[in-house]
$ cat final_34.txt   # compact mmCIF, C-alpha atoms
# COMPACT_ATOMS: atom_id res chain seq x y z
CA MET A 102 0.00 0.00 0.00
CA ALA A 103 1.39 3.40 -1.00
CA PRO A 104 2.31 5.75 1.89
CA PRO A 105 -0.07 8.66 2.43
CA ARG A 106 0.80 11.81 0.55
CA ARG A 107 2.41 14.39 2.84
CA THR A 108 1.01 17.90 2.72
CA LYS A 109 2.00 21.11 4.42
CA SER A 110 -0.93 20.80 6.80
CA SER A 111 0.37 17.45 8.08
CA GLY A 112 3.74 18.94 9.10
CA PRO A 113 4.63 20.54 12.42
CA PRO A 114 2.67 23.62 13.49
CA PRO A 115 4.11 26.99 12.39
CA PRO A 116 6.48 28.70 14.84
CA ALA A 117 4.79 31.13 17.20
CA LYS A 118 7.57 33.73 16.95
CA THR A 119 9.24 35.38 13.98
CA LEU A 120 12.63 37.10 14.13
CA VAL A 121 12.58 39.95 11.60
CA LEU A 122 16.05 41.12 10.56
CA ASP A 123 16.68 44.04 8.25
CA ASN A 124 20.36 43.19 7.93
CA GLY A 125 21.80 46.49 6.72
CA ALA A 126 25.44 47.29 6.09
CA TYR A 127 25.59 49.90 8.87
CA THR A 128 22.97 48.69 11.34
CA ILE A 129 20.74 45.67 11.91
CA LYS A 130 17.11 46.50 12.60
CA ALA A 131 15.80 43.54 14.59
CA GLY A 132 12.76 42.48 16.58
CA VAL A 133 10.77 39.39 17.57
CA VAL A 134 7.16 39.47 16.36
CA GLN A 135 4.25 37.30 17.52
CA ALA A 136 0.95 37.14 15.68
CA ASP A 137 -1.18 37.57 18.80
CA ALA A 138 0.90 40.31 20.46
CA GLU A 139 1.51 43.99 19.83
CA THR A 140 4.43 44.72 17.49
CA PRO A 141 7.44 45.87 19.54
CA ALA A 142 9.76 48.71 18.57
CA PRO A 143 12.80 47.31 16.73
CA SER A 144 16.29 47.33 18.19
CA ILE A 145 18.91 49.13 16.08
CA ILE A 146 22.20 47.24 16.40
CA PRO A 147 25.52 48.33 14.83
CA ASN A 148 26.39 45.65 12.27
CA CYS A 149 30.10 45.60 12.99
CA LEU A 150 32.99 44.43 15.11
CA ALA A 151 35.06 47.32 16.45
CA ARG A 152 38.39 47.78 18.21
CA ASP A 153 39.47 51.01 19.88
CA ARG A 154 43.00 52.30 20.31
CA ASP A 155 43.25 50.55 23.71
CA LYS A 156 42.63 47.21 21.91
CA HIS A 157 39.19 46.74 23.47
CA THR A 158 36.83 44.80 21.17
CA TYR A 159 33.12 45.59 20.77
CA ILE A 160 30.55 43.32 19.13
CA GLY A 161 27.30 44.79 17.83
CA SER A 162 25.37 46.67 20.51
CA GLN A 163 28.41 46.66 22.84
CA LEU A 164 29.60 49.65 20.79
CA SER A 165 27.29 51.87 22.85
CA SER A 166 29.60 51.32 25.86
CA CYS A 167 32.60 52.80 24.01
CA ASN A 168 33.55 56.26 25.29
CA ASP A 169 36.47 57.03 22.96
CA PHE A 170 35.86 56.73 19.21
CA SER A 171 39.15 58.30 18.14
CA GLU A 172 41.13 55.94 15.88
CA ILE A 173 38.50 53.19 16.26
CA VAL A 174 38.70 50.44 13.62
CA PHE A 175 35.63 48.66 12.22
CA ARG A 176 35.15 45.29 10.58
CA ARG A 177 31.84 45.01 8.75
CA PRO A 178 30.27 41.77 7.43
CA VAL A 179 28.46 43.59 4.62
CA GLU A 180 30.50 45.04 1.75
CA LYS A 181 28.96 47.02 -1.12
CA GLY A 182 25.54 45.97 0.11
CA TYR A 183 26.17 42.22 0.11
CA LEU A 184 26.80 39.90 3.06
CA VAL A 185 30.25 38.48 2.33
CA ASN A 186 31.75 37.79 5.77
CA TRP A 187 29.68 35.23 7.65
CA GLU A 188 32.40 34.70 10.28
CA ALA A 189 31.91 38.26 11.53
CA GLU A 190 28.13 38.15 11.05
CA LYS A 191 27.79 34.95 13.08
CA GLU A 192 29.65 36.55 15.98
CA ILE A 193 27.20 39.46 15.96
CA TRP A 194 24.10 37.23 15.65
CA GLU A 195 25.26 34.91 18.41
CA GLN A 196 25.88 37.88 20.69
CA GLU A 197 22.55 39.59 19.94
CA PHE A 198 20.06 36.75 19.38
CA PHE A 199 21.35 33.46 20.79
CA ASP A 200 23.12 34.50 23.98
CA PRO A 201 20.83 33.64 26.95
CA LYS A 202 21.30 37.18 28.32
CA ALA A 203 20.51 38.88 24.99
CA LYS A 204 17.53 41.24 24.83
CA LEU A 205 16.25 39.51 21.66
CA HIS A 206 17.15 35.97 22.71
CA CYS A 207 15.31 33.27 20.76
CA ASN A 208 15.53 29.54 20.08
CA PRO A 209 16.10 29.10 16.31
CA SER A 210 14.39 25.68 16.23
CA GLU A 211 11.17 27.33 17.43
CA THR A 212 11.44 30.58 15.45
CA SER A 213 10.79 31.78 11.90
CA LEU A 214 13.31 34.13 10.29
CA ILE A 215 12.63 36.95 7.83
CA LEU A 216 15.99 38.16 6.48
CA THR A 217 16.56 40.98 4.01
CA GLU A 218 19.14 41.16 1.23
CA ALA A 219 20.12 43.71 -1.40
CA PRO A 220 18.49 43.45 -4.85
CA ASN A 221 20.34 41.36 -7.45
CA ALA A 222 22.58 39.57 -4.95
CA LEU A 223 24.97 36.95 -6.35
CA PRO A 224 23.54 33.37 -6.35
CA ALA A 225 26.65 32.04 -4.58
CA LEU A 226 26.12 34.48 -1.71
CA GLN A 227 22.42 33.61 -1.52
CA THR A 228 23.12 29.86 -1.37
CA ASN A 229 25.73 30.37 1.34
CA CYS A 230 23.24 32.44 3.33
CA ASP A 231 20.56 29.69 3.07
CA GLN A 232 23.03 27.07 4.24
CA VAL A 233 24.11 29.09 7.28
CA VAL A 234 20.51 29.81 8.30
CA PHE A 235 19.36 26.19 8.14
CA GLU A 236 22.50 24.12 8.74
CA GLU A 237 24.35 26.21 11.33
CA PHE A 238 21.58 28.09 13.12
CA GLY A 239 18.73 25.65 12.43
CA PHE A 240 15.79 28.05 12.07
CA ALA A 241 12.42 26.33 11.79
CA ARG A 242 11.24 28.49 8.90
CA TYR A 243 12.96 31.08 6.74
CA LEU A 244 12.18 33.80 4.22
CA ARG A 245 14.96 35.57 2.34
CA VAL A 246 13.58 38.68 0.67
CA THR A 247 14.93 41.85 -0.93
CA ALA A 248 14.73 44.78 1.47
CA PRO A 249 12.67 47.06 -0.84
CA THR A 250 9.95 44.40 -1.10
CA LEU A 251 9.08 44.62 2.59
CA ASN A 252 8.22 48.31 2.24
CA ALA A 253 5.18 47.28 0.21
CA TYR A 254 3.75 45.76 3.42
CA THR A 255 3.41 49.18 5.10
CA ASP A 256 0.61 51.73 4.72
CA ILE A 257 2.12 53.65 1.80
CA GLN A 258 -0.69 56.16 1.37
CA SER A 259 -0.27 57.44 4.93
CA PHE A 260 3.19 58.76 3.93
CA PHE A 261 1.54 61.04 1.36
CA LYS A 262 -0.80 62.58 3.97
CA SER A 263 -3.66 60.73 2.30
CA PRO A 264 -6.43 59.18 4.41
CA ALA A 265 -4.96 56.13 6.13
CA ARG A 266 -6.28 52.68 5.32
CA ASP A 267 -9.28 51.69 7.45
CA PRO A 268 -8.03 48.96 9.80
CA ASN A 269 -11.41 47.21 9.51
CA SER A 270 -11.39 47.19 5.71
CA THR A 271 -10.58 44.11 3.65
CA ALA A 272 -7.86 45.88 1.65
CA ALA A 273 -4.86 43.57 1.72
CA LEU A 274 -1.16 44.21 1.73
CA PRO A 275 1.15 44.45 -0.18
CA ALA A 276 0.71 47.81 -1.87
CA GLU A 277 -0.43 47.56 -5.48
CA ILE A 278 2.18 49.82 -7.07
CA LEU A 279 5.26 51.47 -5.56
CA MET A 280 8.59 52.99 -6.62
CA LEU A 281 10.96 52.42 -3.71
CA ILE A 282 14.22 54.38 -3.41
CA ASP A 283 16.51 52.96 -0.73
CA SER A 284 19.55 55.17 -0.07
CA GLY A 285 21.63 53.50 2.61
CA TYR A 286 25.20 52.98 3.75
CA SER A 287 26.59 51.10 0.73
CA HIS A 288 24.53 52.27 -2.23
CA THR A 289 21.24 53.64 -3.48
CA THR A 290 18.76 51.36 -5.25
CA ILE A 291 15.62 52.18 -7.24
CA THR A 292 13.15 49.29 -7.19
CA PRO A 293 9.70 49.35 -8.86
CA LEU A 294 7.28 47.02 -7.04
CA LEU A 295 4.07 45.71 -8.59
CA LEU A 296 1.74 43.81 -6.24
CA GLY A 297 4.63 43.44 -3.81
CA ARG A 298 7.02 41.92 -6.35
CA PRO A 299 10.14 43.69 -7.64
CA ILE A 300 10.41 44.08 -11.42
CA GLN A 301 13.97 42.82 -11.82
CA SER A 302 14.68 44.26 -15.25
CA ALA A 303 13.87 47.79 -14.02
CA ILE A 304 15.97 47.81 -10.83
CA ARG A 305 18.72 50.43 -10.90
CA ARG A 306 21.69 50.90 -8.56
CA LEU A 307 23.73 54.03 -7.82
CA ASP A 308 27.07 53.34 -6.11
CA VAL A 309 26.72 56.35 -3.81
CA GLY A 310 25.75 55.74 -0.20
CA GLY A 311 26.50 56.97 3.27
CA LYS A 312 29.95 55.37 3.30
CA LEU A 313 31.11 57.15 0.14
CA LEU A 314 29.73 60.49 1.40
CA THR A 315 31.55 60.07 4.73
CA ASN A 316 34.81 59.15 2.98
CA TYR A 317 34.51 62.16 0.66
CA LEU A 318 33.89 64.51 3.59
CA THR A 319 36.86 62.94 5.40
CA ARG A 320 39.06 63.73 2.41
CA LEU A 321 37.88 67.34 2.18
CA LEU A 322 38.37 68.00 5.91
CA SER A 323 41.80 66.32 5.87
CA LEU A 324 42.93 68.53 2.99
CA ARG A 325 41.54 71.79 4.37
CA GLN A 326 41.72 71.48 8.16
CA TYR A 327 42.59 68.53 10.44
CA ASP A 328 43.69 65.05 9.32
CA MET A 329 40.51 63.04 9.97
CA ARG A 330 41.44 59.87 8.09
CA ASN A 331 41.52 57.77 11.26
CA ASP A 332 38.31 59.26 12.64
CA THR A 333 35.66 58.24 10.11
CA TYR A 334 33.15 57.48 12.88
CA LEU A 335 33.40 61.09 14.03
CA VAL A 336 33.23 62.40 10.45
CA ASN A 337 30.04 60.39 9.96
CA GLU A 338 28.52 62.18 12.95
CA ILE A 339 29.64 65.53 11.51
CA LYS A 340 28.01 64.64 8.19
CA GLU A 341 24.71 63.70 9.82
CA ALA A 342 24.68 66.87 11.95
CA THR A 343 25.67 69.47 9.34
CA CYS A 344 25.04 68.35 5.74
CA TYR A 345 22.03 69.39 3.69
CA ILE A 346 20.85 69.15 0.08
CA SER A 347 21.09 72.52 -1.67
CA GLN A 348 18.03 73.70 -3.58
CA ASP A 349 20.17 76.20 -5.54
CA PHE A 350 23.69 74.78 -5.83
CA LYS A 351 25.23 77.65 -7.82
CA ALA A 352 23.89 80.32 -5.47
CA ASP A 353 25.20 78.49 -2.40
CA MET A 354 28.60 78.04 -4.04
CA GLU A 355 28.70 81.77 -4.73
CA LYS A 356 27.96 82.56 -1.07
CA THR A 357 30.80 80.32 0.12
CA TRP A 358 33.40 81.46 -2.43
CA LYS A 359 36.39 83.07 -0.73
CA GLY A 360 37.20 85.42 -3.59
CA PRO A 361 40.54 86.16 -5.26
CA LYS A 362 43.70 86.39 -3.16
CA GLY A 363 44.05 89.77 -1.51
CA ASP A 364 40.38 90.60 -2.08
CA ARG A 365 38.40 88.45 0.35
CA ARG A 366 34.63 88.76 0.07
CA PRO A 367 32.86 89.83 3.32
CA VAL A 368 30.06 87.28 2.82
CA TYR A 369 32.61 84.44 2.91
CA GLU A 370 33.07 84.50 6.71
CA THR A 371 29.48 83.50 7.47
CA GLY A 372 28.40 82.34 4.01
CA ASP A 373 25.03 84.02 4.61
CA GLY A 374 24.33 81.50 7.36
CA ILE A 375 25.82 78.49 5.59
CA ALA A 376 29.07 78.40 7.58
CA LYS A 377 28.80 76.29 10.75
CA ASP A 378 31.26 75.32 13.45
CA TYR A 379 31.44 71.75 14.69
CA VAL A 380 33.04 71.55 18.14
CA LEU A 381 34.96 68.27 18.32
CA PRO A 382 34.75 66.01 21.39
CA ASP A 383 37.87 65.65 23.53
CA TYR A 384 36.71 62.25 24.94
CA HIS A 385 37.48 63.45 28.48
CA GLY A 386 35.00 66.09 29.54
CA ARG A 387 32.97 65.92 26.31
CA THR A 388 32.26 62.66 24.46
CA LYS A 389 29.93 64.14 21.83
CA GLY A 390 30.53 66.99 19.42
CA TYR A 391 27.94 69.63 18.61
CA VAL A 392 27.09 72.21 15.94
CA ARG A 393 26.90 75.97 16.42
CA ASP A 394 26.77 79.04 14.19
CA HIS A 395 30.16 80.13 12.90
CA ASP A 396 31.88 82.83 14.95
CA PRO A 397 34.79 84.40 12.98
CA ASN A 398 36.23 85.89 16.17
CA ALA A 399 36.23 82.72 18.29
CA ALA A 400 39.62 81.44 19.42
CA THR A 401 40.25 77.85 18.27
CA LYS A 402 43.20 75.50 18.47
CA LEU A 403 43.39 75.38 14.66
CA LYS A 404 43.90 79.19 14.57
CA GLU A 405 46.68 78.81 17.13
CA LEU A 406 48.43 76.27 14.90
CA VAL A 407 48.04 78.45 11.78
CA LYS A 408 49.12 81.72 13.43
CA GLY A 409 51.78 80.15 15.66
CA LYS A 410 50.77 81.98 18.79
CA ALA A 411 48.64 81.27 21.84
CA LEU A 412 45.08 82.60 21.71
CA GLY A 413 43.77 80.92 24.85
CA ALA A 414 41.73 78.41 22.84
CA SER A 415 40.06 75.55 24.70
CA GLU A 416 38.19 73.90 21.81
CA ASP A 417 38.99 72.01 18.64
CA VAL A 418 36.63 73.37 16.01
CA LEU A 419 36.00 72.42 12.38
CA THR A 420 34.39 75.12 10.24
CA LEU A 421 32.22 73.75 7.43
CA ARG A 422 31.19 75.92 4.51
CA ASN A 423 30.59 74.44 1.05
CA GLU A 424 31.37 70.96 2.44
CA ARG A 425 27.88 71.02 3.94
CA PHE A 426 26.16 70.77 0.55
CA THR A 427 28.82 69.62 -1.94
CA VAL A 428 29.13 66.23 -0.19
CA PRO A 429 25.45 65.11 -0.39
CA GLU A 430 25.25 66.68 -3.88
CA LEU A 431 26.95 63.47 -5.08
CA LEU A 432 23.58 61.71 -4.76
CA PHE A 433 22.27 63.92 -7.57
CA SER A 434 25.51 64.51 -9.47
CA PRO A 435 27.98 61.60 -9.08
CA THR A 436 30.05 62.91 -12.00
CA ASP A 437 31.40 65.62 -9.65
CA ILE A 438 33.95 63.04 -8.43
CA GLY A 439 34.33 61.22 -11.73
CA LEU A 440 31.77 58.47 -11.06
CA ARG A 441 30.30 57.48 -14.43
CA GLN A 442 26.71 57.16 -13.29
CA SER A 443 23.68 59.42 -13.42
CA GLY A 444 22.04 60.86 -10.32
CA ILE A 445 19.01 59.49 -8.48
CA ALA A 446 16.40 61.41 -10.50
CA GLN A 447 17.80 60.23 -13.83
CA GLN A 448 18.10 56.68 -12.48
CA VAL A 449 14.39 56.77 -11.65
CA MET A 450 13.61 57.72 -15.25
CA ASP A 451 15.97 55.01 -16.52
CA SER A 452 14.07 52.50 -14.39
CA LEU A 453 10.73 53.70 -15.82
CA SER A 454 12.08 53.42 -19.36
CA ALA A 455 12.27 49.64 -18.85
CA LEU A 456 8.53 49.53 -18.04
CA PRO A 457 5.38 49.99 -20.14
CA MET A 458 4.36 53.66 -20.31
CA GLY A 459 0.92 52.75 -18.97
CA LEU A 460 2.51 52.06 -15.58
CA TRP A 461 4.42 55.35 -15.39
CA PRO A 462 1.64 57.45 -13.76
CA GLY A 463 1.20 54.89 -10.98
CA PHE A 464 4.89 54.67 -10.17
CA LEU A 465 5.53 58.43 -10.38
CA ALA A 466 2.63 59.11 -8.01
CA ASN A 467 3.89 56.58 -5.43
CA ILE A 468 7.62 57.21 -4.88
CA VAL A 469 8.81 56.41 -1.35
CA VAL A 470 12.34 57.06 -0.07
CA VAL A 471 13.87 55.12 2.83
CA GLY A 472 17.35 54.67 4.25
CA GLY A 473 19.62 56.91 6.30
CA ASN A 474 20.47 59.33 3.48
CA SER A 475 16.81 60.28 3.08
CA ASN A 476 17.09 62.03 6.47
CA ILE A 477 19.41 64.65 4.97
CA GLU A 478 17.69 68.02 5.06
CA GLY A 479 16.13 68.96 1.72
CA PHE A 480 16.48 65.48 0.18
CA VAL A 481 12.79 64.81 -0.54
CA PHE A 482 12.05 68.30 -1.91
CA ARG A 483 15.07 68.28 -4.25
CA LEU A 484 14.32 64.76 -5.49
CA GLN A 485 10.70 65.61 -6.26
CA MET A 486 11.77 68.81 -8.03
CA GLU A 487 14.28 66.98 -10.25
CA ILE A 488 11.95 64.09 -11.11
CA ARG A 489 9.19 66.60 -11.91
CA SER A 490 11.51 68.30 -14.43
CA LEU A 491 12.24 64.98 -16.16
CA ALA A 492 8.82 63.28 -16.04
CA PRO A 493 6.03 63.74 -18.61
CA ALA A 494 3.99 66.89 -17.93
CA GLU A 495 0.70 64.98 -17.65
CA CYS A 496 1.98 62.76 -14.79
CA ILE A 497 1.60 63.64 -11.12
CA VAL A 498 4.88 63.26 -9.19
CA ARG A 499 4.68 62.52 -5.47
CA VAL A 500 7.70 61.72 -3.30
CA ALA A 501 7.27 60.85 0.37
CA ARG A 502 9.39 59.74 3.27
CA PRO A 503 8.09 57.64 6.20
CA ALA A 504 8.20 59.04 9.72
CA ASP A 505 11.24 56.85 10.40
CA PRO A 506 12.84 55.85 7.09
CA ILE A 507 15.52 53.75 8.81
CA VAL A 508 13.11 51.22 10.35
CA ASN A 509 10.34 51.33 7.73
CA THR A 510 11.66 48.21 5.98
CA TRP A 511 11.65 46.34 9.30
CA GLN A 512 8.10 47.53 9.99
CA GLY A 513 6.99 46.03 6.69
CA GLY A 514 8.60 42.73 7.69
CA ALA A 515 6.79 42.86 11.04
CA ASN A 516 3.46 43.36 9.25
CA LEU A 517 4.23 40.41 6.98
CA ALA A 518 5.11 38.24 10.00
CA LYS A 519 1.57 38.74 11.32
CA GLU A 520 0.07 37.49 8.04
CA GLU A 521 0.56 33.79 8.72
CA ALA A 522 -1.03 32.51 5.49
CA THR A 523 1.08 34.83 3.31
CA LEU A 524 4.26 34.12 5.24
CA ALA A 525 3.75 30.36 5.08
CA ASN A 526 3.27 30.56 1.31
CA LEU A 527 6.45 32.61 0.77
CA SER A 528 8.81 30.94 3.24
CA VAL A 529 10.64 27.61 3.37
CA THR A 530 10.67 25.24 6.35
CA LYS A 531 13.72 23.35 7.56
CA GLN A 532 11.94 20.13 6.66
CA GLU A 533 11.52 21.29 3.05
CA TYR A 534 15.16 22.39 2.89
CA GLU A 535 16.35 18.97 4.02
CA GLU A 536 13.99 17.18 1.65
CA TYR A 537 14.41 19.22 -1.54
CA GLY A 538 17.85 20.82 -1.11
CA ALA A 539 19.42 24.23 -1.56
CA GLY A 540 18.71 24.39 -5.30
CA TRP A 541 14.96 24.13 -4.76
CA VAL A 542 15.07 26.82 -2.07
CA ALA A 543 17.00 29.17 -4.38
CA LYS A 544 14.47 28.57 -7.13
CA LYS A 545 11.54 29.31 -4.83
CA PHE A 546 13.01 32.56 -3.52
CA GLY A 547 14.14 33.55 -7.02
CA SER A 548 10.68 33.17 -8.50
CA ARG A 549 9.32 36.18 -6.54

$ encode --input "final_34.txt" --output "structure tokens"
Amino acid sequence: MAPPRRTKSSGPPPPAKTLVLDNGAYTIKAGVVQADAETPAPSIIPNCLARDRDKHTYIGSQLSSCNDFSEIVFRRPVEKGYLVNWEAEKEIWEQEFFDPKAKLHCNPSETSLILTEAPNALPALQTNCDQVVFEEFGFARYLRVTAPTLNAYTDIQSFFKSPARDPNSTAALPAEILMLIDSGYSHTTITPLLLGRPIQSAIRRLDVGGKLLTNYLTRLLSLRQYDMRNDTYLVNEIKEATCYISQDFKADMEKTWKGPKGDRRPVYETGDGIAKDYVLPDYHGRTKGYVRDHDPNAATKLKELVKGKALGASEDVLTLRNERFTVPELLFSPTDIGLRQSGIAQQVMDSLSALPMGLWPGFLANIVVVGGNSNIEGFVFRLQMEIRSLAPAECIVRVARPADPIVNTWQGGANLAKEEATLANLSVTKQEYEEYGAGWVAKKFGSR
């Protein structure tokens, strides 16, 4: 007699908990979600191993206990957006999720995993990731999904100040049509999503992210003021505190132009409000720097070095003028540093050119930006203005940013984790992995 046919319903019950990981290059956004409980706020964990100048090592969230970030060295598992160093990543995961004392401690054999990846990841890296998840950690169920896709499982229309979806309505996630721009640490991607599925042929990537902007600012400051090449963590804080997207680049450049030698322009000192001072931390009495308006008459240690005489300065100060807007300008004009790519607005139009024109109005009216770079002042307004100038006149262009663009992807994953039927259909169980193998798993994830 033939054995009874095995179906999904005859297998073990689905795990009660789901670990949602938005595994970014700079930070991991993580949280444990249960279908019958309120969604918790995600934890934001540095995705790195770090060592300070006293040879102390920090893993993940331990970095918050570091008091001296001067000359700190980082080792990051994610390079250029792709997870390439599982040895370092496993150390971080074991510290944050599998240590009995960890805040997000979970038992993999009783937990589902939703893990994000960058669009168009290499198949070899994807297969390696699947093997680690099932064979080394032993998760009960697993979904590997591109990060932009999860944003379709959030209430998109609420970002545009439209009436929010009625929670009692039968309208189902994911969003029907969405153009998702994710500008993060490693790169910026433009992903059109139709019914929650990315259109692979229309995905575009710009190799400008937070890391490149920080490195460029480091170079400018090292050439013009202090050598900051060993203090990229501090430069990143300076970038986040002072940079903005210019709405009139030529006018701002004019305000910050020094003028010819021997004929300094009066407006240069303050730059009509553009010039700012960043007071550096000394890591003794002050562990955090801060921004203030530029004071041309203030005594600083840099002036003492330049003039060669004591001025009674007690602070190390960096004065930022055109650095404030020329650095993030690379997102819109990468050719400024010789990068042979077009800016974000043109990349959006290039993405649309790979799609039928009938879909253009829907995508242009539903553009959402996420990622750390979208927090830069003026980013959304400038992007909408540039896309508007390139798009057909009859199309409405709307660009919106969620309230917290850094955790919005994770929030979409948390919403998906509560949809048990959808999650079960998309994910793969450990039993299926052992029965059908890694090739079948790759095919299933690749078909979405």

$ closest_residue --input "final_34.txt" --among "A:Asp505, A:Asp123, A:Glu195, A:Asp169" --to "Phe260 in chain A" --atoms "all atoms listed in the file"
A:Asp505

$ atom_distance --input "final_34.txt" --atom1 "CA of Ala151 in chain A" --atom2 "CA of Arg176 in chain A"
6.2 Å

$ atom_distance --input "final_34.txt" --atom1 "CA of Tyr537 in chain A" --atom2 "CA of Leu524 in chain A"
19.3 Å

$ closest_residue --input "final_34.txt" --among "A:Ile160, A:Leu318, A:Ile145, A:Val309" --to "Arg441 in chain A" --atoms "only C-alpha atoms"
A:Val309

$ residues_around --input "final_34.txt" --residues "Val392 in chain A" --least-positions-apart "4" --cutoff "7 Å" --atoms "only C-alpha atoms" --output "ChimeraX atom specification"
/A:377-380

$ write_last_selection --input "final_34.txt" --atoms "C-alpha atoms" --output "mmCIF file, in the frame of the given file"
data_model
loop_
_atom_site.group_PDB
_atom_site.id
_atom_site.type_symbol
_atom_site.label_atom_id
_atom_site.label_comp_id
_atom_site.auth_asym_id
_atom_site.auth_seq_id
_atom_site.Cartn_x
_atom_site.Cartn_y
_atom_site.Cartn_z
ATOM 1 C CA LYS A 377 28.800 76.290 10.750
ATOM 2 C CA ASP A 378 31.260 75.320 13.450
ATOM 3 C CA TYR A 379 31.440 71.750 14.690
ATOM 4 C CA VAL A 380 33.040 71.550 18.140
#

$ residues_around --input "final_34.txt" --residues "range 465-472 of chain A" --least-positions-apart "6" --cutoff "8 Å" --atoms "only C-alpha atoms" --output "PyMOL selection string"
chain A and resi 257+278-285+481+496-503+506-507+509-510

$ residues_near_point --input "final_34.txt" --point "(28.3, 61.9, 2.7)" --cutoff "8 Å" --atoms "only C-alpha atoms" --output "PyMOL selection string"
chain A and resi 310-318+337+340+344+428-429

$ atom_distance --input "final_34.txt" --atom1 "CA of Leu431 in chain A" --atom2 "CA of Arg330 in chain A"
19.9 Å

$ closest_residue --input "final_34.txt" --among "A:Leu322, A:Met450, A:Ile339, A:Val179" --to "Ala219 in chain A" --atoms "all atoms listed in the file"
A:Val179

$ residues_near_point --input "final_34.txt" --point "(14.8, 48.0, -20.1)" --cutoff "7 Å" --atoms "only C-alpha atoms" --output "list in words"
Ser302, Ala303, Ser454, Ala455 and Leu456 of chain A

$ closest_residue --input "final_34.txt" --among "A:Ala136, A:Leu460, A:Pro249, A:Leu335" --to "Pro382 in chain A" --atoms "only C-alpha atoms"
A:Leu335

$ closest_residue --input "final_34.txt" --among "A:Lys351, A:Arg177, A:Arg152, A:Lys544" --to "Thr427 in chain A" --atoms "all atoms listed in the file"
A:Lys351

$ closest_residue --input "final_34.txt" --among "A:Gly538, A:Pro178, A:Pro462, A:Pro209" --to "Lys118 in chain A" --atoms "only C-alpha atoms"
A:Pro209

$ decode --input "final_34.txt" --residues "range 485-499 of chain A" --atoms "N, CA and C atoms" --output "short mmCIF file (atom, residue, chain, number, x, y, z; two decimals), in the first residue's frame"
data_model
loop_
_atom_site.label_atom_id
_atom_site.label_comp_id
_atom_site.auth_asym_id
_atom_site.auth_seq_id
_atom_site.Cartn_x
_atom_site.Cartn_y
_atom_site.Cartn_z
N GLN A 485 11.99 65.40 -5.58
CA GLN A 485 10.70 65.61 -6.26
C GLN A 485 10.84 66.68 -7.34
N MET A 486 11.58 67.73 -7.06
CA MET A 486 11.77 68.81 -8.03
C MET A 486 12.49 68.30 -9.28
N GLU A 487 13.52 67.47 -9.10
CA GLU A 487 14.28 66.98 -10.25
C GLU A 487 13.49 65.95 -11.06
N ILE A 488 12.76 65.07 -10.38
CA ILE A 488 11.95 64.09 -11.11
C ILE A 488 10.85 64.81 -11.88
N ARG A 489 10.26 65.83 -11.25
CA ARG A 489 9.19 66.60 -11.91
C ARG A 489 9.71 67.21 -13.22
N SER A 490 10.96 67.67 -13.22
CA SER A 490 11.51 68.30 -14.43
C SER A 490 11.79 67.29 -15.53
N LEU A 491 11.93 66.01 -15.18
CA LEU A 491 12.24 64.98 -16.16
C LEU A 491 11.02 64.18 -16.61
N ALA A 492 9.99 64.12 -15.77
CA ALA A 492 8.82 63.28 -16.04
C ALA A 492 7.89 63.95 -17.05
N PRO A 493 7.03 63.16 -17.70
CA PRO A 493 6.03 63.74 -18.61
C PRO A 493 5.14 64.73 -17.88
N ALA A 494 4.76 65.79 -18.56
CA ALA A 494 3.99 66.89 -17.93
C ALA A 494 2.64 66.42 -17.42
N GLU A 495 2.05 65.41 -18.05
CA GLU A 495 0.70 64.98 -17.65
C GLU A 495 0.70 64.06 -16.43
N CYS A 496 1.89 63.67 -15.94
CA CYS A 496 1.98 62.76 -14.79
C CYS A 496 2.12 63.54 -13.49
N ILE A 497 1.45 63.08 -12.47
CA ILE A 497 1.60 63.64 -11.12
C ILE A 497 2.81 62.98 -10.47
N VAL A 498 3.69 63.79 -9.87
CA VAL A 498 4.88 63.26 -9.19
C VAL A 498 4.72 63.51 -7.69
N ARG A 499 4.74 62.42 -6.93
CA ARG A 499 4.68 62.52 -5.47
C ARG A 499 5.85 61.74 -4.87
#
